[in-house]
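Peer 1: Following this line is work.cif, made up of mmCIF, C-alpha atoms:
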data_final
loop_
_atom_site.label_atom_id
_atom_site.label_comp_id
_atom_site.auth_asym_id
_atom_site.auth_seq_id
_atom_site.Cartn_x
_atom_site.Cartn_y
_atom_site.Cartn_z
CA MET A 1056 111.43 65.41 29.95
CA ASN A 1057 109.48 62.49 31.41
CA PRO A 1058 111.84 60.50 33.70
CA PHE A 1059 109.71 57.35 33.32
CA ARG A 1060 110.27 55.38 30.15
CA LEU A 1061 108.22 52.42 29.05
CA LEU A 1062 109.57 49.04 28.01
CA ASP A 1063 111.73 49.39 24.90
CA ILE A 1064 110.26 47.02 22.28
CA GLY A 1065 112.64 48.19 19.56
CA PRO A 1066 114.42 44.81 19.30
CA LEU A 1067 111.09 43.08 18.62
CA ARG A 1068 110.09 45.57 15.94
CA GLY A 1069 113.44 45.79 14.21
CA ASP A 1070 114.86 42.27 14.34
CA PRO A 1071 112.80 39.28 13.09
CA THR A 1072 115.40 36.81 14.37
CA PHE A 1073 115.27 38.22 17.88
CA ARG A 1074 111.47 38.25 17.67
CA ARG A 1075 111.41 34.51 16.89
CA PHE A 1076 113.92 33.85 19.65
CA TRP A 1077 111.81 35.85 22.12
CA THR A 1078 108.64 33.96 21.15
CA GLY A 1079 110.28 30.56 21.65
CA THR A 1080 111.84 31.44 24.99
CA SER A 1081 108.58 33.02 26.18
CA LEU A 1082 106.80 29.70 25.61
CA GLN A 1083 109.58 27.94 27.48
CA ALA A 1084 109.11 30.34 30.38
CA LEU A 1085 105.38 29.62 30.49
CA ALA A 1086 106.04 25.87 30.45
CA GLY A 1087 108.54 26.25 33.27
CA GLN A 1088 106.03 28.10 35.46
CA LEU A 1089 103.37 25.46 34.85
CA SER A 1090 105.85 22.76 35.83
CA ALA A 1091 107.05 24.65 38.93
CA PHE A 1092 103.48 25.05 40.21
CA ALA A 1093 102.55 21.45 39.47
CA VAL A 1094 105.58 19.93 41.20
CA LEU A 1095 105.23 22.20 44.24
CA TYR A 1096 101.49 21.58 44.59
CA GLN A 1097 101.76 17.84 44.00
CA MET A 1098 104.50 17.52 46.62
CA TRP A 1099 102.42 19.48 49.14
CA GLU A 1100 99.35 17.35 48.48
CA MET A 1101 101.38 14.16 48.97
CA THR A 1102 103.26 15.20 52.12
CA HIS A 1103 101.78 18.42 53.62
CA SER A 1104 105.35 19.22 54.68
CA SER A 1105 107.17 22.54 54.18
CA LEU A 1106 110.43 20.62 54.48
CA MET A 1107 109.48 18.47 51.50
CA THR A 1108 108.41 21.45 49.39
CA GLY A 1109 111.76 22.94 50.30
CA MET A 1110 113.40 19.66 49.29
CA VAL A 1111 112.05 20.28 45.79
CA GLY A 1112 114.29 23.33 45.60
CA LEU A 1113 117.38 21.54 46.88
CA THR A 1114 116.84 18.65 44.49
CA LEU A 1115 116.49 20.98 41.50
CA ALA A 1116 119.58 22.98 42.49
CA VAL A 1117 122.00 20.06 42.00
CA PRO A 1118 121.30 19.43 38.29
CA MET A 1119 121.01 23.17 37.65
CA VAL A 1120 124.56 23.64 38.92
CA ALA A 1121 126.10 20.58 37.27
CA PHE A 1122 124.39 20.83 33.89
CA GLY A 1123 124.46 24.62 33.89
CA LEU A 1124 128.26 24.59 34.18
CA TRP A 1125 128.50 21.97 31.45
CA GLY A 1126 126.15 24.01 29.28
CA GLY A 1127 128.36 27.06 29.81
CA LEU A 1128 131.44 25.19 28.59
CA LEU A 1129 129.55 23.92 25.56
CA ALA A 1130 128.18 27.38 24.75
CA ASP A 1131 131.74 28.66 24.25
CA THR A 1132 132.74 25.83 21.88
CA ARG A 1133 129.57 24.44 20.26
CA ASP A 1134 126.65 25.63 18.17
CA LYS A 1135 124.37 27.56 20.54
CA ARG A 1136 121.27 26.91 18.42
CA GLY A 1137 121.83 23.14 18.60
CA LEU A 1138 122.27 23.25 22.37
CA ILE A 1139 119.08 25.28 22.81
CA LEU A 1140 117.09 22.82 20.72
CA LEU A 1141 118.60 19.80 22.48
CA ALA A 1142 117.64 21.24 25.85
CA ASN A 1143 114.06 21.73 24.67
CA VAL A 1144 113.88 18.11 23.50
CA GLY A 1145 114.86 16.96 27.00
CA ALA A 1146 112.30 19.31 28.55
CA VAL A 1147 109.52 17.81 26.43
CA PHE A 1148 110.53 14.23 27.25
CA PHE A 1149 110.55 14.75 31.00
CA ALA A 1150 107.35 16.79 30.86
CA LEU A 1151 105.72 13.71 29.35
CA CYS A 1152 107.21 11.56 32.13
CA LEU A 1153 105.78 13.90 34.76
CA LEU A 1154 102.40 13.70 33.04
CA VAL A 1155 102.46 9.89 33.09
CA GLN A 1156 103.36 9.68 36.80
CA ALA A 1157 100.50 12.04 37.61
CA LEU A 1158 98.00 10.09 35.52
CA MET A 1159 99.12 6.79 37.04
CA GLU A 1160 98.86 8.27 40.57
CA PHE A 1161 102.11 6.73 41.79
CA ASN A 1162 102.16 9.19 44.74
CA SER A 1163 105.92 8.81 45.13
CA PRO A 1164 107.83 11.88 46.36
CA ALA A 1165 111.11 10.26 45.28
CA LEU A 1166 109.86 9.70 41.72
CA LEU A 1167 108.48 13.22 41.51
CA LEU A 1168 111.78 14.69 42.70
CA GLY A 1169 113.77 12.53 40.30
CA LEU A 1170 111.75 13.51 37.24
CA ALA A 1171 111.70 17.19 38.20
CA ALA A 1172 115.49 17.11 38.69
CA ALA A 1173 116.03 15.41 35.33
CA GLN A 1174 113.93 18.05 33.58
CA ALA A 1175 115.80 20.84 35.39
CA GLY A 1176 119.11 19.39 34.22
CA SER A 1177 117.90 19.16 30.63
CA ILE A 1178 116.79 22.79 30.64
CA ALA A 1179 119.98 23.97 32.37
CA ILE A 1180 122.17 22.72 29.52
CA GLY A 1181 120.62 25.26 27.16
CA VAL A 1182 120.30 28.27 29.45
CA PRO A 1183 123.84 29.69 28.99
CA SER A 1184 123.50 29.41 25.20
CA ARG A 1185 120.07 31.01 25.33
CA LYS A 1186 121.33 33.97 27.35
CA ALA A 1187 124.50 34.32 25.27
CA MET A 1188 122.34 34.61 22.14
CA ILE A 1189 121.09 38.07 23.12
CA PRO A 1190 124.35 39.98 22.51
CA ASP A 1191 124.93 37.82 19.43
CA LEU A 1192 121.61 38.94 17.95
CA LEU A 1193 121.58 42.59 19.05
CA PRO A 1194 124.01 45.54 18.96
CA ARG A 1195 125.59 46.61 22.28
CA GLU A 1196 123.25 49.56 22.75
CA LYS A 1197 120.22 47.25 22.52
CA VAL A 1198 121.48 44.47 24.81
CA SER A 1199 119.84 45.97 27.93
CA ALA A 1200 116.53 46.31 26.09
CA GLY A 1201 116.80 42.71 24.87
CA ILE A 1202 117.43 41.47 28.41
CA ALA A 1203 114.45 43.50 29.65
CA LEU A 1204 112.20 42.00 26.97
CA SER A 1205 113.34 38.48 27.83
CA TYR A 1206 112.65 39.10 31.47
CA ALA A 1207 109.30 40.70 30.62
CA SER A 1208 108.19 37.44 29.04
CA PHE A 1209 109.41 35.56 32.11
CA GLN A 1210 107.42 37.88 34.38
CA ALA A 1211 104.35 37.52 32.18
CA ALA A 1212 104.73 33.76 32.51
CA MET A 1213 105.06 34.10 36.28
CA LEU A 1214 101.94 36.24 36.36
CA GLY A 1215 99.76 34.10 34.12
CA GLY A 1216 101.37 30.70 34.63
CA PRO A 1217 100.55 30.07 38.31
CA ALA A 1218 97.06 31.54 37.96
CA LEU A 1219 96.44 29.34 34.91
CA ALA A 1220 97.97 26.35 36.67
CA GLY A 1221 95.77 26.88 39.72
CA ILE A 1222 92.64 26.89 37.57
CA VAL A 1223 93.77 23.90 35.52
CA SER A 1224 94.62 21.95 38.70
CA ALA A 1225 91.23 22.74 40.21
CA ILE A 1226 89.43 21.45 37.08
CA TRP A 1227 91.62 18.67 35.64
CA GLY A 1228 94.05 17.96 38.44
CA VAL A 1229 97.82 18.31 38.46
CA ALA A 1230 98.09 16.14 35.33
CA GLY A 1231 96.44 18.96 33.41
CA CYS A 1232 99.35 21.24 34.32
CA TYR A 1233 101.87 18.73 33.02
CA ALA A 1234 99.89 18.35 29.79
CA ALA A 1235 99.78 22.12 29.27
CA GLU A 1236 103.51 22.31 30.04
CA THR A 1237 104.25 19.70 27.38
CA ILE A 1238 102.25 21.61 24.76
CA ALA A 1239 104.05 24.88 25.56
CA PHE A 1240 107.49 23.28 25.21
CA LEU A 1241 106.45 21.75 21.88
CA LEU A 1242 105.20 25.09 20.55
CA ALA A 1243 108.54 26.69 21.50
CA PHE A 1244 110.33 24.67 18.80
CA ARG A 1245 108.98 26.88 16.01
CA GLY A 1246 110.70 30.01 17.25
CA LEU A 1247 113.88 28.30 18.44
CA ALA A 1248 114.44 26.31 15.24
CA ALA A 1249 114.63 29.55 13.24
CA LEU A 1250 117.70 30.78 15.15
CA PRO A 1251 120.99 31.09 13.24
CA SER A 1252 123.92 28.86 14.14
CA LYS A 1253 126.20 30.63 16.62
CA GLN A 1254 129.44 28.88 17.48
CA THR A 1255 132.39 30.32 19.38
CA HIS A 1256 135.71 28.59 18.83
CA GLY A 1257 137.36 28.52 22.24
CA SER A 1258 140.93 27.71 23.12
CA GLY A 1259 142.32 24.24 23.17
CA ASP A 1260 142.37 24.11 26.96
CA SER A 1261 140.82 21.21 28.77
CA GLY A 1262 137.23 21.50 29.95
CA LYS A 1263 138.48 21.94 33.51
CA GLY A 1264 140.90 24.64 32.40
CA ARG A 1265 138.21 26.54 30.54
CA LEU A 1266 135.90 26.31 33.55
CA VAL A 1267 138.58 27.63 35.91
CA ALA A 1268 139.27 30.47 33.48
CA GLY A 1269 135.62 31.45 33.61
CA PHE A 1270 135.59 31.64 37.41
CA ARG A 1271 138.90 33.51 37.36
CA ALA A 1272 137.37 36.12 35.06
CA ILE A 1273 134.50 36.60 37.51
CA TRP A 1274 136.74 36.82 40.56
CA LYS A 1275 139.12 39.45 39.21
CA LYS A 1276 136.34 41.80 38.05
CA PRO A 1277 134.74 43.49 41.12
CA PRO A 1278 131.53 44.63 39.36
CA LEU A 1279 130.95 41.14 37.99
CA ARG A 1280 131.80 39.43 41.27
CA GLY A 1281 129.72 41.86 43.31
CA SER A 1282 126.73 41.53 41.00
CA LEU A 1283 126.64 37.75 41.29
CA LEU A 1284 127.24 37.83 45.06
CA THR A 1285 124.36 40.29 45.48
CA ASP A 1286 121.90 38.03 43.72
CA LEU A 1287 123.31 34.97 45.47
CA ALA A 1288 122.64 36.59 48.86
CA ALA A 1289 119.14 37.73 47.89
CA MET A 1290 118.08 34.33 46.56
CA MET A 1291 119.68 32.01 49.10
CA LEU A 1292 118.76 34.04 52.16
CA ALA A 1293 115.27 35.28 51.31
CA MET A 1294 113.65 33.13 48.62
CA PRO A 1295 110.11 32.53 49.96
CA ILE A 1296 108.37 30.13 47.54
CA ALA A 1297 108.72 26.95 49.65
CA LEU A 1298 106.72 28.74 52.37
CA PHE A 1299 103.80 29.59 50.11
CA PRO A 1300 101.78 26.37 50.57
CA ALA A 1301 101.94 26.70 54.37
CA LEU A 1302 101.20 30.42 54.25
CA ASN A 1303 98.33 29.77 51.84
CA GLU A 1304 96.84 27.21 54.20
CA ALA A 1305 97.20 29.53 57.19
CA ARG A 1306 95.87 32.70 55.51
CA PHE A 1307 93.49 31.50 52.76
CA GLY A 1308 92.46 27.94 53.54
CA GLY A 1309 94.86 26.10 51.26
CA THR A 1310 92.99 26.01 47.92
CA PRO A 1311 95.04 25.71 44.70
CA GLU A 1312 93.49 28.89 43.28
CA THR A 1313 94.80 31.01 46.18
CA LEU A 1314 98.20 29.30 46.08
CA GLY A 1315 98.49 30.61 42.53
CA LEU A 1316 97.86 34.12 43.88
CA PHE A 1317 101.12 34.05 45.85
CA LEU A 1318 103.24 33.49 42.75
CA SER A 1319 101.08 35.75 40.63
CA ALA A 1320 101.41 38.59 43.16
CA MET A 1321 105.18 38.55 42.76
CA ALA A 1322 104.79 38.44 39.01
CA ALA A 1323 102.31 41.34 39.03
CA GLY A 1324 104.93 43.52 40.67
CA GLY A 1325 107.46 42.26 38.17
CA ILE A 1326 105.21 43.17 35.26
CA ALA A 1327 104.72 46.68 36.63
CA ALA A 1328 108.48 47.15 36.90
CA THR A 1329 108.99 45.68 33.43
CA LEU A 1330 106.52 48.10 31.85
CA LEU A 1331 108.70 50.95 33.12
CA SER A 1332 111.93 49.14 32.32
CA GLY A 1333 112.95 51.77 29.80
CA THR A 1334 113.82 53.89 32.83
CA ILE A 1335 115.99 51.07 34.17
CA THR A 1336 117.72 49.98 30.97
CA SER A 1337 118.58 53.56 29.98
CA HIS A 1338 120.21 54.33 33.34
CA PRO A 1339 124.03 54.05 33.24
CA ARG A 1340 124.40 53.05 36.93
CA GLN A 1341 123.17 49.48 36.62
CA GLY A 1342 125.22 48.20 39.58
CA ALA A 1343 123.83 50.77 42.00
CA LEU A 1344 120.30 49.98 40.81
CA GLN A 1345 120.85 46.27 41.43
CA LEU A 1346 122.00 46.85 45.00
CA GLY A 1347 119.03 49.10 45.75
CA ALA A 1348 116.62 46.57 44.28
CA ALA A 1349 118.12 43.72 46.33
CA LEU A 1350 117.68 45.72 49.54
CA THR A 1351 114.06 46.46 48.61
CA TRP A 1352 113.48 42.74 47.95
CA GLY A 1353 114.69 41.82 51.44
CA LEU A 1354 112.72 44.59 53.15
CA SER A 1355 109.48 43.68 51.34
CA LEU A 1356 109.74 40.03 52.31
CA ALA A 1357 110.53 40.90 55.92
CA VAL A 1358 107.38 43.02 56.15
CA ALA A 1359 105.35 40.30 54.36
CA GLY A 1360 106.34 37.83 57.03
CA LEU A 1361 105.46 40.16 59.90
CA THR A 1362 102.01 41.24 58.71
CA GLY A 1363 98.94 39.42 59.92
CA SER A 1364 96.87 40.15 56.81
CA GLY A 1365 96.97 37.82 53.82
CA TRP A 1366 96.14 40.64 51.42
CA VAL A 1367 98.84 42.94 52.82
CA MET A 1368 101.24 40.03 52.44
CA LEU A 1369 100.29 39.73 48.76
CA ALA A 1370 100.92 43.47 48.29
CA CYS A 1371 104.38 43.08 49.86
CA LEU A 1372 105.06 40.12 47.58
CA ALA A 1373 104.12 42.30 44.60
CA LEU A 1374 106.67 44.92 45.71
CA ALA A 1375 109.25 42.15 46.16
CA GLY A 1376 108.50 40.95 42.64
CA ALA A 1377 109.08 44.44 41.25
CA ALA A 1378 112.39 44.69 43.09
CA ASP A 1379 113.45 41.25 41.88
CA THR A 1380 112.72 42.26 38.29
CA VAL A 1381 114.93 45.32 38.56
CA ALA A 1382 117.68 43.27 40.20
CA VAL A 1383 117.63 40.58 37.52
CA MET A 1384 117.61 43.02 34.59
CA THR A 1385 120.46 45.07 36.01
CA ARG A 1386 122.44 41.96 36.93
CA GLY A 1387 122.04 40.68 33.39
CA THR A 1388 123.36 43.93 31.94
CA VAL A 1389 126.39 44.02 34.26
CA VAL A 1390 127.22 40.39 33.49
CA GLN A 1391 126.73 40.60 29.72
CA LEU A 1392 128.80 43.78 29.38
CA SER A 1393 131.60 42.79 31.78
CA CYS A 1394 133.02 39.80 29.92
CA LYS A 1395 134.57 39.04 26.54
CA PRO A 1396 132.42 37.19 23.99
CA GLU A 1397 134.65 34.10 24.10
CA MET A 1398 134.12 33.89 27.89
CA ARG A 1399 130.43 34.67 27.86
CA GLY A 1400 129.11 31.11 28.00
CA ARG A 1401 131.12 30.23 31.11
CA VAL A 1402 130.32 33.49 32.87
CA LEU A 1403 126.64 33.06 32.04
CA ALA A 1404 126.82 29.50 33.38
CA ALA A 1405 127.88 31.00 36.71
CA GLU A 1406 125.00 33.47 36.42
CA GLN A 1407 122.69 30.54 35.73
CA ILE A 1408 123.80 28.94 38.99
CA VAL A 1409 123.07 32.17 40.83
CA GLY A 1410 119.83 32.92 39.00
CA ALA A 1411 118.35 29.44 38.95
CA ALA A 1412 120.07 27.16 41.47
CA ALA A 1413 120.47 29.69 44.29
CA PRO A 1414 116.69 30.28 44.55
CA GLN A 1415 116.18 26.53 44.85
CA ILE A 1416 118.74 26.33 47.66
CA GLY A 1417 117.01 29.34 49.19
CA ASN A 1418 113.70 27.49 49.05
CA PHE A 1419 115.24 24.57 50.92
CA ARG A 1420 116.60 27.02 53.51
CA ALA A 1421 113.10 28.49 53.90
CA GLY A 1422 111.50 25.08 54.30
CA LEU A 1423 114.10 24.06 56.86
CA MET A 1424 113.55 27.27 58.85
CA ALA A 1425 109.80 26.61 58.80
CA THR A 1426 110.36 23.37 60.71
CA ALA A 1427 111.50 25.45 63.69
CA LEU A 1428 109.58 28.70 63.15
CA PRO A 1429 106.07 29.65 61.99
CA PRO A 1430 106.09 30.26 58.21
CA GLY A 1431 105.60 34.02 58.63
CA ALA A 1432 108.56 34.27 61.01
CA ALA A 1433 110.71 32.21 58.65
CA LEU A 1434 109.81 34.61 55.83
CA ALA A 1435 110.67 37.68 57.94
CA CYS A 1436 114.00 36.23 59.10
CA GLY A 1437 115.02 35.51 55.52
CA GLY A 1438 114.28 39.07 54.48
CA ALA A 1439 116.32 40.48 57.36
CA LEU A 1440 119.30 38.25 56.55
CA CYS A 1441 119.16 39.45 52.95
CA ILE A 1442 119.27 43.12 53.99
CA PHE A 1443 122.39 42.66 56.11
CA ALA A 1444 124.20 40.59 53.47
CA VAL A 1445 123.50 42.98 50.59
CA ALA A 1446 124.61 45.97 52.67
CA ALA A 1447 127.92 44.20 53.38
CA ILE A 1448 128.41 43.44 49.67
CA ALA A 1449 127.72 47.07 48.73
CA PHE A 1450 130.40 48.35 51.11
CA SER A 1451 132.95 45.74 50.02
CA HIS A 1452 132.34 46.05 46.23
CA LEU A 1453 132.44 49.74 45.41
CA GLY A 1454 133.25 48.79 41.80
CA LEU A 1455 129.69 47.52 41.44
CA MET A 1456 128.31 50.80 42.80
CA ARG A 1457 130.36 52.71 40.21
CA PHE A 1458 129.75 50.42 37.22
CA ARG A 1459 128.55 52.36 34.16
CA THR A 1460 127.20 50.89 30.93
CA THR A 1461 128.62 53.84 29.01
CA GLU A 1462 132.22 52.65 29.53
CA PRO A 1463 133.35 50.01 26.98
CA SER A 1464 136.48 49.54 29.03
CA SER A 1465 134.40 47.72 31.62
CA VAL A 1466 134.66 44.55 29.52
CA THR A 1467 137.09 42.08 31.06
#
Just give me the structure as structure tokens.

Peer 2:
Amino acid sequence: MNPFRLLDIGPLRGDPTFRRFWTGTSLQALAGQLSAFAVLYQMWEMTHSSLMTGMVGLTLAVPMVAFGLWGGLLADTRDKRGLILLANVGAVFFALCLLVQALMEFNSPALLLGLAAAQAGSIAIGVPSRKAMIPDLLPREKVSAGIALSYASFQAAMLGGPALAGIVSAIWGVAGCYAAETIAFLLAFRGLAALPSKQTHGSGDSGKGRLVAGFRAIWKKPPLRGSLLTDLAAMMLAMPIALFPALNEARFGGTPETLGLFLSAMAAGGIAATLLSGTITSHPRQGALQLGAALTWGLSLAVAGLTGSGWVMLACLALAGAADTVAVMTRGTVVQLSCKPEMRGRVLAAEQIVGAAAPQIGNFRAGLMATALPPGAALACGGALCIFAVAAIAFSHLGLMRFRTTEPSSVT
């Protein structure tokens, strides 16, 4: 029997509702990558400061945490479809604002950060509902495949988005990226509007009480706690994106086309891992796979920082992207299958903080380190810190190592 299994596209073939959902969220992912490139590149062009590109991450982390937690509470008590659509409306509005500030050439880092943060907050409201939709739309045995497909579209957006954004920026300027982002968010409405209403009637506890209950559920379940801590360590200690503009200038001359290569290299590795994700999603030891992938992520980035060749660095980033893909897919499976449906929105809000806000904090950490170290050394140090932290989590959370998707009793 062949041990390598390709991406399971069964949910797309067999479920029209999931297919529409996947199409809409794929367009959102593309729009998000266009926006991420445009904000990062515009900030670098205005300031030429790694600290300020890192500040982009810190600024985005605050609304991701605040609105992500709020979105998690709402996902457990409100119509998920309505929340997803509302979040997309906000994304379109602030994409238009970003387009206007670029066209008007305000050249204000504060304005750019403010608009990017507002858009991040708008998107964050809908993320828990969007993730919680997957087990609502698919049977338990297809949840892992659904998560893999959702992450495949994200990786495809990471692969094509930065490359497309680099070309668009070279031809039409950064405003072209914001225009393309706006169009992608608008096109997403067709798939998202077709979703069924999905409302969970939570308890009558206060919002604070429901939020505390969500964190309590995470804390008392070692596989769930260990999974989130693993990703938190990997993202906060080793996230490298804030260093890319400086590394691009040092290794390739600083053109926007080559800056896109850095992000696309990580996505290329992610796509390769996604194409073989059937091997990952069918494996029962999802926790052990996540820990191994997180260690590979840290090691790849450490080597990328130490090498003197730009092309070897891109190859290491591709390996890091593959490891990150495996880590995210396995984390998603552990989280989705370790909590009760009525708690899912709040638990996924915590995952949103880890999956979205932690990388932004990690980018700020990278930019801050680059003020004292060369960018390559900052990258290598982050990878080394990640390796040590993940090893400590593995030894202290044996429940994550032993987690098996074949045991229904694993649900909190």

Peer 1: Taking a cut-off of 12 Å and counting all atoms listed in the file, can you build a table that, for each residue of region 1105-1223 of chain A near region 1355-1377 of chain A, reports the nearest atom pair and how far apart they are in Å (one decimal), sorted by chain then residue number, as JSON lines?

Peer 2:
{"residue": "A:Tyr1206", "atom": "CA", "partner": "A:Ala1377", "partner_atom": "CA", "distance": 11.7}
{"residue": "A:Ala1207", "atom": "CA", "partner": "A:Ala1377", "partner_atom": "CA", "distance": 11.3}
{"residue": "A:Phe1209", "atom": "CA", "partner": "A:Gly1376", "partner_atom": "CA", "distance": 11.9}
{"residue": "A:Gln1210", "atom": "CA", "partner": "A:Gly1376", "partner_atom": "CA", "distance": 8.9}
{"residue": "A:Ala1211", "atom": "CA", "partner": "A:Gly1376", "partner_atom": "CA", "distance": 11.8}
{"residue": "A:Met1213", "atom": "CA", "partner": "A:Gly1376", "partner_atom": "CA", "distance": 10.0}
{"residue": "A:Leu1214", "atom": "CA", "partner": "A:Gly1376", "partner_atom": "CA", "distance": 10.2}

Peer 1: In terms of the shortest atom-to-atom distance over all atoms listed in the file, which of A:Ser1282, A:Thr1380, A:Ser1081, A:Ser1337 is closest to Ala1323 (chain A)?

Peer 2: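 Checking each candidate against Ala1323 (chain A), we get A:Thr1380 as the closest.
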
Peer 1: Within 7 Å of region 1449-1453 of chain A, counting only C-alpha atoms, which residues show up once you throw out same-chain ones fewer than 2 positions away? Write them as number ranges by chain, please.

Peer 2: A: 1277, 1281, 1346, 1445-1447, 1455-1457

Peer 1: So what do you get for CA of Gly1145 (chain A) versus CA of Gly1169 (chain A), distance-wise?

Peer 2: 14.1 Å

Peer 1: I need the output of the PyMOL selection byres ((chain A and resi 1092) around 8) for this file as a ChimeraX atom specification; which residues are they?

Peer 2: /A:1088-1091,1093-1096,1217,1220-1221,1315

Peer 1: Just write the chosen residues, C-alpha atoms, as a short mmCIF file (atom, residue, chain, number, x, y, z; two decimals), keeping the file's coordinate frame.

Peer 2:
data_model
loop_
_atom_site.label_atom_id
_atom_site.label_comp_id
_atom_site.auth_asym_id
_atom_site.auth_seq_id
_atom_site.Cartn_x
_atom_site.Cartn_y
_atom_site.Cartn_z
CA GLN A 1088 106.03 28.10 35.46
CA LEU A 1089 103.37 25.46 34.85
CA SER A 1090 105.85 22.76 35.83
CA ALA A 1091 107.05 24.65 38.93
CA ALA A 1093 102.55 21.45 39.47
CA VAL A 1094 105.58 19.93 41.20
CA LEU A 1095 105.23 22.20 44.24
CA TYR A 1096 101.49 21.58 44.59
CA PRO A 1217 100.55 30.07 38.31
CA ALA A 1220 97.97 26.35 36.67
CA GLY A 1221 95.77 26.88 39.72
CA GLY A 1315 98.49 30.61 42.53
#

Peer 1: Quick one: apply the PyMOL selection byres ((chain A and resi 1154) around 8) to the file and drop the selected residues here as a list in words.

Peer 2: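 Against this file, the PyMOL selection byres ((chain A and resi 1154) around 8) returns the residues Ala1150, Leu1151, Cys1152, Leu1153, Val1155, Gln1156, Ala1157, Leu1158, Ala1230, Gly1231, Tyr1233 and Ala1234 of chain A.
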
Peer 1: Can those selected residues be exported to a file as a CSV table (one decimal), in the frame of the given file so that it contains C-alpha atoms?

Peer 2:
chain,number,residue,atom,x,y,z
A,1150,ALA,CA,107.4,16.8,30.9
A,1151,LEU,CA,105.7,13.7,29.4
A,1152,CYS,CA,107.2,11.6,32.1
A,1153,LEU,CA,105.8,13.9,34.8
A,1155,VAL,CA,102.5,9.9,33.1
A,1156,GLN,CA,103.4,9.7,36.8
A,1157,ALA,CA,100.5,12.0,37.6
A,1158,LEU,CA,98.0,10.1,35.5
A,1230,ALA,CA,98.1,16.1,35.3
A,1231,GLY,CA,96.4,19.0,33.4
A,1233,TYR,CA,101.9,18.7,33.0
A,1234,ALA,CA,99.9,18.4,29.8

Peer 1: Write out as a list in words which residues come within 9 Å of Leu1344 (chain A) when counting only C-alpha atoms, dropping same-chain ones fewer than 6 positions away.

Peer 2: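 The residues that qualify are Ile1335, His1338, Val1381, Ala1382, Thr1385 and Met1456 of chain A.
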
Peer 1: For region 1399-1405 of chain A, please output as JSON, numbers by chain all residues within 10 Å (counting all atoms listed in the file; exclusion window: fewer than 4 positions along the same chain).

Peer 2: {"A": [1119, 1120, 1121, 1122, 1123, 1124, 1125, 1126, 1127, 1128, 1129, 1130, 1131, 1132, 1135, 1179, 1180, 1181, 1182, 1183, 1184, 1185, 1186, 1187, 1188, 1190, 1255, 1265, 1266, 1267, 1268, 1269, 1270, 1271, 1272, 1273, 1279, 1283, 1387, 1390, 1391, 1392, 1393, 1394, 1395, 1409, 1410, 1411, 1412]}

Peer 1: For CA of Ser1319 (chain A) and CA of Ile1178 (chain A), determine how far apart the two atoms are, in Å to one decimal place.

Peer 2: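 Distance reported for this atom pair: 22.7 Å.
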
Peer 1: Once the PyMOL selection byres ((chain A and resi 1247) around 8) has been evaluated on this model, what residues remain selected, and can you format them as a list in words?

Peer 2: Arg1075, Phe1076, Gly1079, Thr1080, Arg1136, Ile1139, Leu1140, Ala1243, Phe1244, Arg1245, Gly1246, Ala1248, Ala1249 and Leu1250 of chain A

Peer 1: Can you measure CA of Ile1442 (chain A) to CA of Met1424 (chain A) for me? One decimal in Å is fine.

Peer 2: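 Distance reported for this atom pair: 17.5 Å.
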
Peer 1: Region 1322-1361 of chain A near region 1285-1288 of chain A within 10 Å: what's each residue's closest atom pair and its distance in Å to one decimal, counting all atoms listed in the file, ordered by chain then ascending residue number, as a Markdown table?

Peer 2:
| residue | atom | partner | partner_atom | distance |
| --- | --- | --- | --- | --- |
| A:Gly1342 | CA | A:Thr1285 | CA | 9.9 |
| A:Gln1345 | CA | A:Thr1285 | CA | 8.0 |
| A:Leu1346 | CA | A:Thr1285 | CA | 7.0 |
| A:Ala1349 | CA | A:Thr1285 | CA | 7.2 |
| A:Leu1350 | CA | A:Thr1285 | CA | 9.5 |
| A:Gly1353 | CA | A:Ala1288 | CA | 9.9 |

Peer 1: Any chance you could tabulate, as a Markdown table, the residues of region 1281-1400 of chain A at most 10 Å from region 1101-1113 of chain A with each one's nearest atom pair and distance in Å to one decimal, using all atoms listed in the file, in chain and rising number order?

Peer 2:
| residue | atom | partner | partner_atom | distance |
| --- | --- | --- | --- | --- |
| A:Pro1295 | CA | A:Gly1109 | CA | 9.7 |
| A:Ile1296 | CA | A:Gly1109 | CA | 8.4 |
| A:Ala1297 | CA | A:Gly1109 | CA | 5.1 |
| A:Leu1298 | CA | A:Ser1105 | CA | 6.5 |
| A:Phe1299 | CA | A:Ser1105 | CA | 8.8 |
| A:Pro1300 | CA | A:Ser1105 | CA | 7.5 |
| A:Ala1301 | CA | A:Ser1105 | CA | 6.7 |
| A:Leu1302 | CA | A:Ser1105 | CA | 9.9 |

Peer 1: Of the candidates A:Leu1242, A:Ser1199, A:Leu1115, A:Leu1292, which one gets nearest to Leu1082 (chain A) if we count only C-alpha atoms?

Peer 2: A:Leu1242

Peer 1: Smallest atom-to-atom distance to Gly1417 (chain A): which of A:Ala1142, A:Ala1086, A:Ala1200, A:Ala1433, using all atoms listed in the file?

Peer 2: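 Closest to Gly1417 (chain A) of all the choices is A:Ala1433.
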
Peer 1: The residues within 9 Å of (112.7, 18.8, 26.5), using all atoms listed in the file and the coordinates of the file, should be reported as a VMD selection string; which are they?

Peer 2: chain A and resid 1140 to 1150 1174 1177 to 1178 1237 1240 to 1241

Peer 1: I'd like the box whose edges run along x, y and z of the file and which contains every listed atom of region 1164-1173 of chain A, padded by 5 Å per side; could you state its centre and edge lengths in Å, one decimal, as lines of an AutoDock Vina configuration file?

Peer 2:
center_x = 111.9
center_y = 13.4
center_z = 40.8
size_x = 18.2
size_y = 17.5
size_z = 21.0
